[in-house]
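Heads up, model-v3.cif below (mmCIF, C-alpha atoms):
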data_structure
#
loop_
_atom_site.label_atom_id
_atom_site.label_comp_id
_atom_site.auth_asym_id
_atom_site.auth_seq_id
_atom_site.Cartn_x
_atom_site.Cartn_y
_atom_site.Cartn_z
CA MET V 1 -29.10 -10.46 -15.38
CA ARG V 2 -31.42 -11.85 -17.99
CA ALA V 3 -30.42 -9.08 -20.41
CA THR V 4 -26.75 -9.80 -19.72
CA ALA V 5 -27.26 -13.51 -20.36
CA ILE V 6 -29.04 -12.76 -23.63
CA ALA V 7 -26.28 -10.31 -24.62
CA LEU V 8 -23.66 -12.98 -23.93
CA VAL V 9 -25.51 -15.54 -26.04
CA VAL V 10 -25.92 -13.02 -28.87
CA THR V 11 -22.21 -12.17 -28.71
CA ALA V 12 -21.30 -15.85 -28.79
CA LEU V 13 -23.60 -16.43 -31.76
CA LEU V 14 -22.15 -13.45 -33.61
CA ALA V 15 -18.60 -14.66 -32.93
CA GLY V 16 -19.64 -18.11 -34.15
CA THR V 17 -21.12 -16.59 -37.28
CA ALA V 18 -17.96 -14.59 -37.96
CA ALA V 19 -15.83 -17.73 -37.60
CA ALA V 20 -18.23 -19.80 -39.69
CA ALA V 21 -18.24 -17.13 -42.38
CA VAL V 22 -14.61 -17.90 -43.27
CA LYS V 23 -14.70 -20.17 -46.29
CA PRO V 24 -12.20 -23.05 -46.34
CA GLU V 25 -10.88 -21.64 -49.63
CA THR V 26 -10.12 -18.29 -47.97
CA ALA V 27 -8.23 -20.00 -45.14
CA ILE V 28 -6.28 -22.12 -47.62
CA ARG V 29 -5.26 -19.10 -49.69
CA TYR V 30 -4.39 -17.19 -46.54
CA ARG V 31 -2.06 -19.86 -45.17
CA GLN V 32 -0.48 -20.42 -48.60
CA GLY V 33 0.20 -16.69 -48.71
CA LEU V 34 1.94 -16.86 -45.35
CA TYR V 35 4.11 -19.77 -46.51
CA ARG V 36 5.11 -17.77 -49.58
CA SER V 37 6.16 -14.91 -47.37
CA ILE V 38 8.15 -17.29 -45.17
CA ALA V 39 9.86 -18.84 -48.21
CA TRP V 40 10.66 -15.39 -49.63
CA ASN V 41 12.40 -14.35 -46.42
CA PHE V 42 13.92 -17.78 -45.76
CA THR V 43 15.89 -17.87 -49.03
CA PRO V 44 18.35 -15.04 -48.22
CA LEU V 45 18.76 -16.45 -44.68
CA ALA V 46 19.63 -19.86 -46.15
CA ASP V 47 22.07 -18.20 -48.56
CA MET V 48 23.76 -16.40 -45.66
CA ALA V 49 23.84 -19.55 -43.54
CA LYS V 50 25.47 -21.50 -46.39
CA GLY V 51 27.89 -18.68 -47.22
CA LYS V 52 26.35 -18.21 -50.67
CA GLN V 53 25.67 -14.60 -49.64
CA PRO V 54 27.77 -12.55 -47.18
CA PHE V 55 26.35 -12.42 -43.65
CA ASP V 56 24.58 -9.11 -43.05
CA ALA V 57 23.29 -8.93 -39.48
CA ARG V 58 20.67 -6.25 -40.18
CA GLU V 59 19.34 -8.05 -43.21
CA ALA V 60 19.28 -11.34 -41.29
CA GLU V 61 17.44 -9.65 -38.42
CA LYS V 62 14.82 -8.21 -40.76
CA ARG V 63 14.19 -11.55 -42.47
CA ALA V 64 14.12 -13.58 -39.25
CA ALA V 65 11.74 -11.07 -37.61
CA ARG V 66 9.35 -11.43 -40.53
CA ILE V 67 9.40 -15.22 -40.32
CA ALA V 68 8.90 -15.12 -36.53
CA ALA V 69 5.90 -12.78 -36.90
CA THR V 70 4.43 -14.74 -39.80
CA SER V 71 4.76 -18.05 -37.97
CA GLU V 72 2.43 -16.65 -35.27
CA GLN V 73 -0.27 -16.24 -37.92
CA LEU V 74 -0.15 -19.72 -39.42
CA LEU V 75 -2.38 -21.77 -37.12
CA GLU V 76 -5.38 -19.51 -37.84
CA GLY V 77 -5.10 -20.62 -41.44
CA PHE V 78 -5.93 -24.23 -40.54
CA PRO V 79 -9.53 -24.13 -39.27
CA PRO V 80 -11.41 -27.44 -39.15
CA GLY V 81 -12.79 -28.31 -42.58
CA SER V 82 -10.01 -26.58 -44.50
CA ASP V 83 -8.47 -29.85 -45.64
CA ARG V 84 -10.41 -29.22 -48.85
CA GLY V 85 -12.05 -26.30 -50.66
CA ALA V 86 -9.10 -25.31 -52.85
CA GLU V 87 -5.92 -26.96 -54.04
CA THR V 88 -3.90 -27.63 -50.91
CA GLU V 89 -0.86 -29.67 -49.92
CA ALA V 90 -2.07 -29.87 -46.32
CA LYS V 91 -2.77 -33.48 -45.39
CA ALA V 92 -6.03 -34.34 -43.60
CA GLU V 93 -3.82 -35.88 -40.89
CA ILE V 94 -3.27 -32.35 -39.57
CA TRP V 95 -6.78 -32.24 -38.14
CA ARG V 96 -6.53 -35.75 -36.72
CA ASN V 97 -3.32 -34.81 -34.87
CA PHE V 98 -3.96 -31.19 -34.20
CA ALA V 99 -2.13 -31.08 -30.86
CA ASP V 100 1.01 -32.42 -32.55
CA PHE V 101 0.58 -30.01 -35.45
CA GLU V 102 0.27 -27.14 -32.97
CA ALA V 103 3.41 -28.32 -31.17
CA LYS V 104 5.33 -28.34 -34.45
CA MET V 105 4.04 -24.84 -35.26
CA HIS V 106 5.12 -23.72 -31.83
CA ASP V 107 8.60 -25.08 -32.54
CA LEU V 108 8.70 -23.05 -35.77
CA SER V 109 7.96 -19.98 -33.72
CA VAL V 110 10.59 -20.84 -31.10
CA GLN V 111 13.30 -21.53 -33.70
CA SER V 112 12.56 -18.45 -35.78
CA ASN V 113 12.73 -16.31 -32.65
CA ALA V 114 16.04 -17.99 -31.74
CA LEU V 115 17.37 -17.15 -35.22
CA LEU V 116 16.16 -13.59 -34.75
CA ALA V 117 18.02 -13.31 -31.42
CA ALA V 118 21.15 -14.75 -33.06
CA ALA V 119 20.91 -12.27 -35.95
CA LYS V 120 20.47 -9.40 -33.48
CA SER V 121 23.66 -10.44 -31.69
CA GLY V 122 25.55 -9.78 -34.92
CA ASP V 123 27.55 -12.99 -34.32
CA GLU V 124 27.81 -14.84 -37.62
CA ALA V 125 28.76 -18.18 -36.05
CA ARG V 126 25.79 -17.97 -33.70
CA PHE V 127 23.53 -17.10 -36.63
CA LYS V 128 24.77 -20.06 -38.65
CA ALA V 129 24.27 -22.38 -35.68
CA ALA V 130 20.70 -21.17 -35.22
CA PHE V 131 19.77 -21.67 -38.84
CA ASP V 132 19.70 -25.46 -38.95
CA PRO V 133 17.18 -25.86 -36.08
CA LEU V 134 14.81 -23.53 -37.95
CA LYS V 135 15.23 -25.55 -41.12
CA GLN V 136 14.56 -28.73 -39.14
CA ALA V 137 11.40 -27.18 -37.64
CA CYS V 138 10.10 -26.56 -41.17
CA LYS V 139 11.09 -30.05 -42.29
CA ALA V 140 9.54 -31.85 -39.32
CA CYS V 141 6.13 -30.43 -40.17
CA HIS V 142 6.48 -30.80 -43.96
CA ASP V 143 7.59 -34.44 -43.68
CA GLN V 144 4.50 -35.39 -41.78
CA TYR V 145 1.79 -33.00 -42.86
CA LYS V 146 2.60 -31.72 -46.35
CA ALA V 147 1.72 -33.75 -49.43
CA ASP V 148 4.48 -34.08 -52.04
CA MET T 149 43.36 -1.79 -51.80
CA ARG T 150 43.13 -3.61 -55.09
CA ALA T 151 41.94 -6.75 -53.30
CA THR T 152 39.32 -4.70 -51.44
CA ALA T 153 38.09 -3.15 -54.68
CA ILE T 154 37.83 -6.57 -56.29
CA ALA T 155 36.02 -7.92 -53.22
CA LEU T 156 33.53 -5.04 -53.42
CA VAL T 157 32.88 -5.66 -57.10
CA VAL T 158 32.42 -9.39 -56.48
CA THR T 159 30.02 -8.64 -53.60
CA ALA T 160 28.05 -6.25 -55.82
CA LEU T 161 27.90 -8.83 -58.59
CA LEU T 162 26.77 -11.53 -56.18
CA ALA T 163 24.09 -9.22 -54.76
CA GLY T 164 23.00 -8.43 -58.31
CA THR T 165 22.86 -12.13 -59.12
CA ALA T 166 20.80 -12.85 -56.02
CA ALA T 167 18.32 -10.11 -56.93
CA ALA T 168 18.19 -11.21 -60.55
CA ALA T 169 17.57 -14.79 -59.46
CA VAL T 170 14.10 -13.89 -58.18
CA LYS T 171 11.66 -14.89 -60.89
CA PRO T 172 8.79 -12.46 -61.61
CA GLU T 173 6.38 -15.29 -60.83
CA THR T 174 7.90 -15.72 -57.36
CA ALA T 175 7.58 -12.00 -56.63
CA ILE T 176 3.98 -11.98 -57.88
CA ARG T 177 3.02 -14.94 -55.69
CA TYR T 178 4.83 -13.39 -52.73
CA ARG T 179 3.02 -10.06 -52.95
CA GLN T 180 -0.33 -11.78 -53.54
CA GLY T 181 0.30 -13.81 -50.40
CA LEU T 182 0.92 -10.61 -48.44
CA TYR T 183 -2.32 -9.09 -49.73
CA ARG T 184 -4.20 -12.20 -48.63
CA SER T 185 -2.75 -11.87 -45.18
CA ILE T 186 -3.74 -8.20 -45.10
CA ALA T 187 -7.29 -9.02 -46.23
CA TRP T 188 -7.58 -11.80 -43.64
CA ASN T 189 -6.66 -9.42 -40.84
CA PHE T 190 -8.53 -6.45 -42.29
CA THR T 191 -11.94 -8.18 -42.27
CA PRO T 192 -12.37 -8.39 -38.47
CA LEU T 193 -11.08 -4.81 -38.15
CA ALA T 194 -13.71 -3.66 -40.66
CA ASP T 195 -16.37 -5.62 -38.77
CA MET T 196 -15.36 -3.93 -35.51
CA ALA T 197 -15.22 -0.50 -37.14
CA LYS T 198 -18.73 -0.99 -38.58
CA GLY T 199 -20.09 -2.43 -35.31
CA LYS T 200 -20.79 -5.81 -36.95
CA GLN T 201 -18.50 -7.32 -34.32
CA PRO T 202 -17.95 -5.97 -30.79
CA PHE T 203 -14.80 -3.88 -30.39
CA ASP T 204 -12.04 -5.92 -28.75
CA ALA T 205 -8.95 -3.78 -28.22
CA ARG T 206 -6.52 -6.70 -27.95
CA GLU T 207 -7.89 -8.36 -31.06
CA ALA T 208 -7.81 -5.06 -32.93
CA GLU T 209 -4.22 -4.47 -31.82
CA LYS T 210 -3.15 -7.93 -33.00
CA ARG T 211 -4.77 -7.48 -36.42
CA ALA T 212 -3.52 -3.93 -36.94
CA ALA T 213 0.03 -4.93 -35.92
CA ARG T 214 0.00 -7.69 -38.52
CA ILE T 215 -1.15 -5.33 -41.26
CA ALA T 216 1.44 -2.73 -40.26
CA ALA T 217 4.23 -5.34 -40.36
CA THR T 218 3.00 -6.86 -43.62
CA SER T 219 2.72 -3.47 -45.32
CA GLU T 220 6.47 -3.04 -44.77
CA GLN T 221 7.09 -6.13 -46.87
CA LEU T 222 4.98 -5.22 -49.89
CA LEU T 223 7.31 -3.06 -51.99
CA GLU T 224 9.85 -5.88 -52.25
CA GLY T 225 7.18 -7.83 -54.09
CA PHE T 226 7.14 -5.37 -56.98
CA PRO T 227 10.59 -5.66 -58.60
CA PRO T 228 10.94 -4.27 -62.12
CA GLY T 229 9.69 -6.79 -64.66
CA SER T 230 7.09 -8.32 -62.38
CA ASP T 231 4.19 -6.78 -64.29
CA ARG T 232 3.99 -10.18 -65.98
CA GLY T 233 5.12 -13.75 -65.34
CA ALA T 234 1.98 -15.00 -63.58
CA GLU T 235 -1.63 -13.88 -63.35
CA THR T 236 -1.53 -10.49 -61.67
CA GLU T 237 -3.87 -7.57 -61.11
CA ALA T 238 -0.95 -5.17 -60.80
CA LYS T 239 -1.09 -2.63 -63.62
CA ALA T 240 2.10 -1.87 -65.58
CA GLU T 241 1.52 1.78 -64.59
CA ILE T 242 3.04 0.92 -61.21
CA TRP T 243 6.52 0.76 -62.70
CA ARG T 244 5.99 3.93 -64.75
CA ASN T 245 4.98 5.85 -61.59
CA PHE T 246 7.06 4.04 -59.03
CA ALA T 247 7.67 7.08 -56.82
CA ASP T 248 3.92 7.63 -56.53
CA PHE T 249 3.34 3.93 -55.90
CA GLU T 250 5.96 4.03 -53.14
CA ALA T 251 4.28 7.08 -51.62
CA LYS T 252 0.95 5.25 -51.57
CA MET T 253 2.59 2.22 -49.96
CA HIS T 254 4.14 4.51 -47.39
CA ASP T 255 0.70 5.89 -46.62
CA LEU T 256 -0.58 2.35 -46.07
CA SER T 257 2.18 1.86 -43.54
CA VAL T 258 1.45 5.20 -41.82
CA GLN T 259 -2.29 4.53 -41.60
CA SER T 260 -1.95 0.96 -40.39
CA ASN T 261 0.45 2.14 -37.69
CA ALA T 262 -2.04 4.86 -36.73
CA LEU T 263 -4.77 2.23 -36.45
CA LEU T 264 -2.42 0.11 -34.33
CA ALA T 265 -1.80 3.05 -31.98
CA ALA T 266 -5.54 3.69 -31.75
CA ALA T 267 -6.23 0.02 -30.96
CA LYS T 268 -3.51 0.06 -28.30
CA SER T 269 -5.19 3.05 -26.64
CA GLY T 270 -8.28 0.88 -26.08
CA ASP T 271 -10.46 3.82 -27.12
CA GLU T 272 -13.19 2.52 -29.42
CA ALA T 273 -14.08 5.93 -30.87
CA ARG T 274 -10.43 6.59 -31.68
CA PHE T 275 -10.17 3.15 -33.27
CA LYS T 276 -13.23 3.76 -35.41
CA ALA T 277 -11.91 7.17 -36.50
CA ALA T 278 -8.57 5.64 -37.50
CA PHE T 279 -10.15 2.90 -39.59
CA ASP T 280 -11.41 4.98 -42.51
CA PRO T 281 -8.00 6.54 -43.33
CA LEU T 282 -6.56 3.01 -43.57
CA LYS T 283 -9.38 1.93 -45.86
CA GLN T 284 -8.77 5.02 -48.00
CA ALA T 285 -5.05 4.22 -48.19
CA CYS T 286 -5.92 0.79 -49.61
CA LYS T 287 -8.47 2.27 -52.01
CA ALA T 288 -6.18 5.03 -53.30
CA CYS T 289 -3.67 2.46 -54.50
CA HIS T 290 -6.24 -0.06 -55.78
CA ASP T 291 -8.12 2.61 -57.77
CA GLN T 292 -5.02 3.57 -59.66
CA TYR T 293 -2.85 0.49 -59.80
CA LYS T 294 -5.04 -2.60 -59.49
CA ALA T 295 -6.85 -4.03 -62.51
CA ASP T 296 -10.51 -4.89 -61.96
#

Could you rewrite the structure in this file as structure tokens?
Amino acid sequence: MRATAIALVVTALLAGTAAAAVKPETAIRYRQGLYRSIAWNFTPLADMAKGKQPFDAREAEKRAARIAATSEQLLEGFPPGSDRGAETEAKAEIWRNFADFEAKMHDLSVQSNALLAAAKSGDEARFKAAFDPLKQACKACHDQYKAD
Amino acid sequence: MRATAIALVVTALLAGTAAAAVKPETAIRYRQGLYRSIAWNFTPLADMAKGKQPFDAREAEKRAARIAATSEQLLEGFPPGSDRGAETEAKAEIWRNFADFEAKMHDLSVQSNALLAAAKSGDEARFKAAFDPLKQACKACHDQYKAD
């Protein structure tokens, strides 16, 4: 039992060390990278939603799937203390309202998955209807937590 | 028929315009963001493979799945002309040997999917055996196409 207890403490310490070893700068660059990937894939979706590019269900599905998967990775990029350490547009408010920030991130995930389902259906009208809620999910978070 | 032909040409031109509208700088930042995401998820996998962190099959699966999905997005980040336009470590050789570069990217995808399958099996030895081929897939491309 004693050995098990010691092993558990050692494991916890090692896990703590691993987490502590992530520099704020690394987290900042990581999350910025994810946002770039989201923007890259968002642009053709926006063009299809606005009719600037013909609707292509397969292409829309691919792009929406990427955004949905990437959105699941974002929160990890906002560890405590990463409001500074490299140039960042993330406001310090994020860490003061983390539950709200998490809720907004969750909405991004929900809306990108809804867009993915709409794209998979192949129904252009459904796709177009699902696009605005995703855009609003992005905007809600940017308005409050992203510096201009 | 004539209308269809014209529509096809217009569609092709629009698609061309959309592709041409991507600035080299945007592509460079996009691919760098993907590499950051890969590095972020690679680190805990490396720590588990080396025994610096206890093997956790679910965690390994999550990280390997992210790398596998991200690897599928990389090639898009290397359009012709994006050897310059922002600071980049990508050598111009990439575009002179694009078929080889694509083959190396394909190997990254194959090896990250193999690591994902190994993680899913929950078998630590299998996971550890699948890690080195992924590392080698990264290295093979970096050695030839990434500036120091």

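Picture a line from CA of Cys289 in chain T to CA of Tyr183 in chain T; it runs 12.6 Å.
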
Output the contact residues of chain T with respect to chain V at a cut-off of 9 Å, based on all atoms listed in the file, as a PDB file with C-alpha atoms, in the frame of the given file.
ATOM      1  CA  THR T 159      30.020  -8.640 -53.600  1.00  0.00           C
ATOM      2  CA  LEU T 162      26.770 -11.530 -56.180  1.00  0.00           C
ATOM      3  CA  ALA T 163      24.090  -9.220 -54.760  1.00  0.00           C
ATOM      4  CA  ALA T 166      20.800 -12.850 -56.020  1.00  0.00           C
ATOM      5  CA  THR T 174       7.900 -15.720 -57.360  1.00  0.00           C
ATOM      6  CA  ALA T 175       7.580 -12.000 -56.630  1.00  0.00           C
ATOM      7  CA  ARG T 177       3.020 -14.940 -55.690  1.00  0.00           C
ATOM      8  CA  TYR T 178       4.830 -13.390 -52.730  1.00  0.00           C
ATOM      9  CA  ARG T 179       3.020 -10.060 -52.950  1.00  0.00           C
ATOM     10  CA  GLN T 180      -0.330 -11.780 -53.540  1.00  0.00           C
ATOM     11  CA  GLY T 181       0.300 -13.810 -50.400  1.00  0.00           C
ATOM     12  CA  LEU T 182       0.920 -10.610 -48.440  1.00  0.00           C
ATOM     13  CA  TYR T 183      -2.320  -9.090 -49.730  1.00  0.00           C
ATOM     14  CA  ARG T 184      -4.200 -12.200 -48.630  1.00  0.00           C
ATOM     15  CA  SER T 185      -2.750 -11.870 -45.180  1.00  0.00           C
ATOM     16  CA  ALA T 187      -7.290  -9.020 -46.230  1.00  0.00           C
ATOM     17  CA  TRP T 188      -7.580 -11.800 -43.640  1.00  0.00           C
ATOM     18  CA  PRO T 192     -12.370  -8.390 -38.470  1.00  0.00           C
ATOM     19  CA  LYS T 200     -20.790  -5.810 -36.950  1.00  0.00           C
ATOM     20  CA  GLN T 201     -18.500  -7.320 -34.320  1.00  0.00           C
ATOM     21  CA  PRO T 202     -17.950  -5.970 -30.790  1.00  0.00           C
ATOM     22  CA  ARG T 214       0.000  -7.690 -38.520  1.00  0.00           C
ATOM     23  CA  ALA T 217       4.230  -5.340 -40.360  1.00  0.00           C
ATOM     24  CA  THR T 218       3.000  -6.860 -43.620  1.00  0.00           C
ATOM     25  CA  GLN T 221       7.090  -6.130 -46.870  1.00  0.00           C
TER      26      GLN T 221
END

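The interatomic distance for the pair CA of Asn97 in chain V and CA of Asp83 in chain V works out to 12.9 Å.
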
Could you tell me how far CA of Phe190 in chain T sits from CA of Ala277 in chain T, in Å to one decimal place?
15.2 Å

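Among the candidates V:Gln136, V:Ala117, V:Leu75, V:Ser112, the residue lying nearest to Phe98 in chain V is V:Leu75 (atoms considered: all atoms listed in the file).
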
So which residues get picked by the PyMOL selection byres ((chain V and resi 101) around 12) here, written as a ChimeraX atom specification?
/V:74-75,78,90-100,102-108,137-138,140-146

At most 7 Å from (-4.4, -23.5, -50.8), file frame, only C-alpha atoms: which residues, as a PDB file with C-alpha atoms, in the coordinates of the input?
ATOM      1  CA  GLU V  25     -10.880 -21.640 -49.630  1.00  0.00           C
ATOM      2  CA  ILE V  28      -6.280 -22.120 -47.620  1.00  0.00           C
ATOM      3  CA  ARG V  29      -5.260 -19.100 -49.690  1.00  0.00           C
ATOM      4  CA  GLN V  32      -0.480 -20.420 -48.600  1.00  0.00           C
ATOM      5  CA  ALA V  86      -9.100 -25.310 -52.850  1.00  0.00           C
ATOM      6  CA  GLU V  87      -5.920 -26.960 -54.040  1.00  0.00           C
ATOM      7  CA  THR V  88      -3.900 -27.630 -50.910  1.00  0.00           C
TER       8      THR V  88
END
